[in-house]
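Participant: Compact mmCIF, C-alpha atoms, saved as coords.txt, coming up:
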# COMPACT_ATOMS: atom_id res chain seq x y z
CA MET A 1 46.71 16.23 -6.47
CA THR A 2 45.59 15.14 -3.00
CA HIS A 3 47.81 13.41 -0.47
CA THR A 4 46.70 11.58 2.65
CA ALA A 5 48.73 12.19 5.75
CA ASN A 6 49.49 8.49 6.34
CA SER A 7 50.60 7.51 2.83
CA PRO A 8 53.75 8.20 0.82
CA ALA A 9 53.81 11.35 -1.28
CA SER A 10 53.71 9.18 -4.39
CA ASP A 11 50.25 7.81 -3.47
CA ARG A 12 47.63 10.00 -5.08
CA SER A 13 43.90 9.63 -4.71
CA GLY A 14 42.97 11.60 -7.81
CA MET A 15 40.50 13.73 -5.83
CA CYS A 16 39.79 17.02 -7.54
CA CYS A 17 37.49 18.77 -5.11
CA LEU A 18 38.14 20.45 -1.78
CA VAL A 19 36.83 18.25 1.03
CA LYS A 20 36.26 18.71 4.76
CA GLY A 21 39.27 18.22 6.96
CA GLN A 22 41.67 18.91 4.13
CA VAL A 23 44.10 21.75 3.35
CA ALA A 24 44.50 22.98 -0.22
CA PHE A 25 47.72 24.93 -0.79
CA ALA A 26 46.67 27.27 -3.58
CA GLY A 27 48.58 29.74 -5.73
CA SER A 28 46.78 33.04 -6.23
CA GLY A 29 49.15 34.10 -9.01
CA PRO A 30 50.63 37.60 -9.34
CA GLY A 31 47.39 39.45 -8.51
CA ASP A 32 45.31 39.71 -11.67
CA PRO A 33 42.19 37.58 -11.01
CA ASP A 34 42.00 36.70 -14.72
CA LEU A 35 45.25 34.75 -14.27
CA LEU A 36 43.81 32.59 -11.50
CA THR A 37 43.31 28.91 -12.37
CA LEU A 38 39.75 27.65 -12.60
CA LYS A 39 40.47 25.09 -9.92
CA VAL A 40 41.66 27.67 -7.40
CA ALA A 41 38.74 29.99 -8.22
CA ARG A 42 36.29 27.15 -7.58
CA ASP A 43 37.90 26.17 -4.30
CA LEU A 44 37.83 29.77 -3.06
CA GLN A 45 34.06 29.58 -3.43
CA GLU A 46 33.83 26.22 -1.63
CA ALA A 47 36.24 26.91 1.25
CA ASP A 48 35.11 27.24 4.85
CA VAL A 49 38.33 29.05 5.74
CA ILE A 50 40.95 30.87 3.67
CA LEU A 51 44.27 31.70 5.30
CA PHE A 52 45.87 34.22 2.96
CA ASP A 53 49.27 35.86 2.55
CA ARG A 54 49.93 39.60 2.56
CA LEU A 55 50.48 39.88 -1.21
CA VAL A 56 47.23 38.19 -2.24
CA SER A 57 45.22 40.89 -4.04
CA SER A 58 41.86 42.16 -2.81
CA GLU A 59 40.33 41.29 -6.21
CA ILE A 60 41.15 37.63 -5.63
CA LEU A 61 39.93 37.63 -2.04
CA ALA A 62 36.64 39.03 -3.34
CA LEU A 63 36.10 35.71 -5.11
CA ALA A 64 35.69 33.88 -1.80
CA GLY A 65 32.31 32.44 -0.87
CA ALA A 66 29.89 34.63 1.06
CA GLN A 67 30.21 32.45 4.18
CA THR A 68 33.96 31.87 3.94
CA LEU A 69 36.08 32.97 6.90
CA LEU A 70 39.09 35.03 5.74
CA GLU A 71 42.16 35.05 7.98
CA ASP A 72 45.16 37.27 7.24
CA VAL A 73 48.30 35.32 8.12
CA GLY A 74 50.66 37.41 6.03
CA LYS A 75 54.35 37.88 6.55
CA GLU A 76 56.24 41.03 5.63
CA GLY A 77 59.93 40.96 4.83
CA PHE A 78 61.90 42.96 7.42
CA GLY A 79 58.56 43.89 9.07
CA PRO A 80 55.91 42.56 11.46
CA SER A 81 54.87 39.00 10.73
CA MET A 82 52.82 36.16 12.13
CA SER A 83 55.10 33.35 13.20
CA GLN A 84 55.29 30.27 11.01
CA ALA A 85 54.38 28.13 14.01
CA GLU A 86 51.13 30.05 14.56
CA ILE A 87 50.23 29.83 10.86
CA CYS A 88 50.72 26.06 10.93
CA ALA A 89 48.73 25.75 14.16
CA ARG A 90 45.77 27.71 12.80
CA MET A 91 45.78 25.85 9.52
CA THR A 92 45.83 22.36 11.03
CA ALA A 93 43.32 23.27 13.77
CA HIS A 94 40.75 24.34 11.18
CA ALA A 95 41.31 21.16 9.19
CA LEU A 96 41.07 18.92 12.27
CA ALA A 97 37.79 20.66 13.12
CA GLY A 98 36.42 19.39 9.80
CA LYS A 99 36.75 22.60 7.80
CA LYS A 100 37.57 22.93 4.12
CA VAL A 101 40.76 24.96 4.32
CA VAL A 102 42.50 26.90 1.55
CA ARG A 103 46.00 28.11 2.38
CA LEU A 104 46.22 30.87 -0.22
CA LYS A 105 49.71 31.99 -1.22
CA SER A 106 50.72 34.68 -3.69
CA GLY A 107 52.25 33.50 -6.95
CA ASP A 108 52.97 29.77 -6.92
CA PRO A 109 53.11 28.05 -3.51
CA THR A 110 56.10 25.92 -4.55
CA ILE A 111 58.39 28.92 -5.20
CA PHE A 112 59.69 30.75 -2.11
CA GLY A 113 56.36 30.09 -0.38
CA ARG A 114 57.51 28.33 2.83
CA LEU A 115 55.50 25.37 1.59
CA ASP A 116 57.63 22.61 3.08
CA GLU A 117 57.13 23.75 6.69
CA GLU A 118 53.36 23.75 6.22
CA LEU A 119 53.29 20.39 4.45
CA THR A 120 55.25 18.93 7.34
CA ALA A 121 52.76 20.43 9.80
CA CYS A 122 49.90 18.75 7.94
CA GLU A 123 51.70 15.40 7.92
CA GLU A 124 52.50 15.59 11.61
CA ALA A 125 48.88 16.52 12.45
CA GLY A 126 47.44 13.77 10.24
CA VAL A 127 45.81 16.26 7.86
CA ALA A 128 45.36 15.46 4.16
CA TYR A 129 46.43 18.10 1.65
CA GLN A 130 46.65 18.97 -2.01
CA ILE A 131 48.77 21.49 -3.90
CA MET A 132 47.30 23.73 -6.59
CA PRO A 133 49.87 25.71 -8.62
CA GLY A 134 49.60 29.33 -9.65
CA ILE A 135 51.42 31.66 -12.01
CA THR A 136 54.63 32.80 -10.37
CA ALA A 137 55.76 36.44 -10.38
CA ALA A 138 58.65 35.78 -12.77
CA SER A 139 56.28 34.47 -15.44
CA ALA A 140 53.93 37.44 -15.11
CA ALA A 141 56.76 39.97 -15.01
CA VAL A 142 58.62 38.62 -18.03
CA ALA A 143 55.36 38.64 -20.00
CA ALA A 144 54.86 42.27 -18.99
CA ILE A 145 58.13 43.29 -20.66
CA GLY A 146 57.58 41.17 -23.77
CA GLN A 147 60.51 38.88 -23.10
CA SER A 148 61.29 35.21 -22.60
CA LEU A 149 63.05 33.72 -19.60
CA THR A 150 65.13 31.54 -21.92
CA GLN A 151 66.32 32.12 -25.46
CA ARG A 152 68.13 29.82 -27.85
CA GLY A 153 71.71 30.97 -28.23
CA ARG A 154 71.51 33.24 -25.16
CA ASN A 155 70.64 31.20 -22.09
CA SER A 156 69.38 27.66 -21.67
CA SER A 157 68.67 28.09 -17.98
CA VAL A 158 67.38 30.77 -15.62
CA ARG A 159 68.00 31.18 -11.90
CA PHE A 160 65.24 31.98 -9.41
CA LEU A 161 66.75 33.74 -6.39
CA THR A 162 65.29 35.37 -3.32
CA GLY A 163 66.84 38.47 -1.83
CA HIS A 164 64.97 37.96 1.44
CA ASP A 165 67.01 34.97 2.63
CA MET A 166 70.35 36.74 2.76
CA ARG A 167 72.17 33.77 4.31
CA GLY A 168 71.36 31.55 1.34
CA PHE A 169 71.53 34.45 -1.09
CA ALA A 170 75.17 35.16 -0.21
CA ASP A 171 76.11 31.60 -1.15
CA GLN A 172 75.08 31.88 -4.80
CA ASP A 173 77.52 31.05 -7.60
CA TRP A 174 78.09 34.69 -8.47
CA ALA A 175 80.95 33.96 -10.86
CA ALA A 176 78.66 31.80 -13.03
CA LEU A 177 75.84 34.35 -12.92
CA ALA A 178 78.23 37.15 -13.91
CA ARG A 179 78.99 35.50 -17.25
CA PRO A 180 77.55 37.17 -20.40
CA GLY A 181 74.06 35.99 -21.37
CA GLU A 182 73.04 34.71 -17.93
CA VAL A 183 69.54 35.53 -16.66
CA ALA A 184 68.21 35.59 -13.10
CA ALA A 185 64.80 36.38 -11.63
CA ILE A 186 65.26 37.85 -8.16
CA TYR A 187 62.26 37.79 -5.84
CA MET A 188 62.02 40.28 -2.97
CA GLY A 189 65.26 41.87 -4.12
CA LYS A 190 64.73 45.61 -3.59
CA LYS A 191 66.58 45.82 -0.28
CA SER A 192 69.42 43.63 -1.56
CA ALA A 193 70.02 45.57 -4.81
CA ARG A 194 73.33 47.07 -3.72
CA PHE A 195 74.54 43.70 -2.42
CA VAL A 196 73.66 42.05 -5.74
CA GLN A 197 75.41 44.79 -7.68
CA GLY A 198 78.56 44.48 -5.59
CA ARG A 199 78.78 40.68 -5.80
CA LEU A 200 78.24 40.61 -9.55
CA ILE A 201 80.70 43.38 -10.36
CA MET A 202 83.25 41.79 -8.02
CA HIS A 203 82.95 38.58 -10.04
CA GLY A 204 83.41 40.31 -13.38
CA ALA A 205 79.88 41.16 -14.55
CA ASN A 206 79.64 43.88 -17.17
CA ARG A 207 78.34 47.06 -15.56
CA ALA A 208 76.20 47.69 -18.67
CA THR A 209 74.27 44.42 -18.18
CA PRO A 210 70.54 45.22 -18.42
CA VAL A 211 68.42 45.01 -15.27
CA THR A 212 64.64 45.38 -15.24
CA ILE A 213 62.44 45.71 -12.17
CA VAL A 214 58.70 45.05 -12.48
CA GLU A 215 56.55 46.24 -9.59
CA ASN A 216 53.03 44.81 -9.08
CA ALA A 217 53.33 42.58 -12.15
CA SER A 218 49.97 42.01 -13.93
CA ARG A 219 48.09 44.47 -11.72
CA ALA A 220 46.52 47.79 -12.69
CA ASP A 221 49.29 49.70 -10.87
CA GLN A 222 52.15 47.79 -12.52
CA ARG A 223 55.34 49.79 -13.06
CA VAL A 224 58.51 48.90 -14.97
CA LEU A 225 62.01 50.27 -14.35
CA GLU A 226 64.67 49.70 -17.01
CA THR A 227 68.24 50.23 -15.87
CA THR A 228 71.71 48.66 -15.86
CA LEU A 229 73.75 46.88 -13.23
CA ASP A 230 75.91 49.98 -12.84
CA HIS A 231 72.92 52.22 -12.01
CA LEU A 232 70.69 49.69 -10.27
CA PRO A 233 70.72 50.92 -6.63
CA MET A 234 70.48 54.61 -7.56
CA ASP A 235 67.69 54.19 -10.12
CA LEU A 236 65.73 51.88 -7.85
CA ALA A 237 65.94 54.36 -4.98
CA GLU A 238 64.75 57.18 -7.25
CA ALA A 239 61.82 55.08 -8.53
CA GLY A 240 60.43 54.79 -5.00
CA PHE A 241 58.86 51.37 -5.53
CA ASP A 242 56.83 50.35 -2.49
CA GLY A 243 55.00 47.29 -3.86
CA PRO A 244 56.17 43.74 -4.51
CA ALA A 245 58.81 43.74 -7.22
CA LEU A 246 60.59 41.18 -9.37
CA THR A 247 64.12 42.01 -10.56
CA PHE A 248 65.46 40.58 -13.81
CA PHE A 249 69.22 40.48 -14.18
CA GLY A 250 70.20 40.16 -17.84
CA LEU A 251 66.88 41.18 -19.41
CA ALA A 252 65.65 44.47 -20.83
CA PRO A 253 62.10 45.14 -22.00
CA ARG A 254 61.47 44.36 -25.64
CA GLN A 255 60.98 47.72 -27.33
CA SER A 256 57.52 46.96 -28.71
CA ALA A 257 56.35 45.88 -25.25
CA ALA A 258 57.79 49.04 -23.69
CA ALA A 259 56.04 51.21 -26.27
CA LEU A 260 52.71 49.47 -25.64
CA TYR A 261 53.17 49.90 -21.91
CA ASP A 262 53.81 53.65 -22.34
CA LEU A 263 50.74 53.97 -24.56
CA ASN A 264 48.54 52.19 -22.01
CA MET A 265 49.82 54.49 -19.28
CA GLU A 266 48.95 57.55 -21.39
CA LEU A 267 45.43 56.25 -22.01
CA ALA A 268 44.80 55.29 -18.37
Render the structure in this file as structure tokens.
Facilitator:
Amino acid sequence: MTHTANSPASDRSGMCCLVKGQVAFAGSGPGDPDLLTLKVARDLQEADVILFDRLVSSEILALAGAQTLLEDVGKEGFGPSMSQAEICARMTAHALAGKKVVRLKSGDPTIFGRLDEELTACEEAGVAYQIMPGITAASAAVAAIGQSLTQRGRNSSVRFLTGHDMRGFADQDWAALARPGEVAAIYMGKKSARFVQGRLIMHGANRATPVTIVENASRADQRVLETTLDHLPMDLAEAGFDGPALTFFGLAPRQSAAALYDLNMELA
């Protein structure tokens, strides 16, 4: 949906195509180009400028138009990053210059994507925008292990947490999450694994609770680590994951999915 900068968020023009002087906040999904929406794929071809995040895959960037300008504005957790202010300034400057701008974010832009700051920048600059969803990492990762985020009789809700924002992360309701049957999808949680383990055990979580980490979900180099809360930090350190990873607390791979994954690895 498209929003004009001078109208309430509830006013929608129904425009479906990327236009000059507009920013499209697009979700690139988990990395597999086959999981990209048709709308995002089309707009990548039509864009004058694409400002992309660090985790957007090269296969998806290859779908950009031949004349499209690609700008890397990626952030890296606990590493060098472009400031949010500079990202917003570049994005709005291109739009105000009459460019068709795609702000390409990994996964879904509405989940841990710093979307609100950039929407505010558009509104303050008088730039129209639209938001195009993508498949978030939790959806791709849970499909990779043959599981469901919710299950009747087990859990009727699932928590999406981010291990990167430690200030907000520390304020979670750990006692509720530690109850049997609870499920959480933890984004960017590799560095916070020991903290998570400690908080959950301190609040009574069973040390044998299954934990699954999926690295590079949906991509050719996807890897899956099956462990327990008790062994989480040690097993994760031994696995040596260096790519983006999604941690599931309370979920183990379905056996048939794990067997298929092992077979595919043998055939690769």
Participant: Every residue with an atom at most 10 Å from (59.6, 53.3, -7.5) (file coordinates; all atoms listed in the file) is what I'm after, so could you write them as a ChimeraX atom specification?
Facilitator: /A:213-215,223-225,235-243,245
Participant: Find the residues with any atom within 6 Å of (69.1, 36.1, -22.3); use only C-alpha atoms and the coordinates as given in the file, and write the answer as a list in words.
Facilitator: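 Here is the list of nearby residues: Gln151, Arg154, Asn155, Gly181 and Val183 of chain A.
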Participant: What are the closest atom pairs, with distances in Å to one decimal, for all residues of range 159-212 of chain A lying within 12 Å of range 141-146 of chain A? Consider all atoms listed in the file, order rows by chain and residue number, and present the result as a tab-separated table.
Facilitator:
residue	atom	partner	partner_atom	distance
A:Val183	CA	A:Val142	CA	11.4
A:Ala184	CA	A:Val142	CA	11.2
A:Ala185	CA	A:Val142	CA	9.2
A:Ile186	CA	A:Ala141	CA	11.1
A:Tyr187	CA	A:Ala141	CA	10.9
A:Val211	CA	A:Ile145	CA	11.7
A:Thr212	CA	A:Ile145	CA	8.7
Participant: Would you please work out which residue, of A:Gly250, A:Gly107, A:Pro33, A:Gly113, is nearest to Lys75 in chain A when using all atoms listed in the file?
Facilitator: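 Ranked by minimum distance to Lys75 in chain A, first place goes to A:Gly113.
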Participant: Could you check how far CA of Thr150 in chain A sits from CA of Ala252 in chain A, in Å to one decimal?
Facilitator: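 Atom-to-atom, CA of Thr150 in chain A to CA of Ala252 in chain A, that is 13.0 Å.
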Participant: At most 8 Å is the cut-off: for each residue in range 203-238 of chain A with any atom that close to an atom of range 170-178 of chain A, write down the nearest atom pair and the distance in Å rounded to one decimal, counting only C-alpha atoms, chain first then increasing number, as a Markdown table.
Facilitator:
| residue | atom | partner | partner_atom | distance |
| --- | --- | --- | --- | --- |
| A:His203 | CA | A:Ala175 | CA | 5.1 |
| A:Gly204 | CA | A:Ala178 | CA | 6.1 |
| A:Ala205 | CA | A:Ala178 | CA | 4.4 |
| A:Asn206 | CA | A:Ala178 | CA | 7.6 |
Participant: Quote the spacing between CA of Gln197 in chain A and CA of Leu55 in chain A in Å to one decimal place.
Facilitator: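 Result for CA of Gln197 in chain A versus CA of Leu55 in chain A: 26.2 Å, one decimal.
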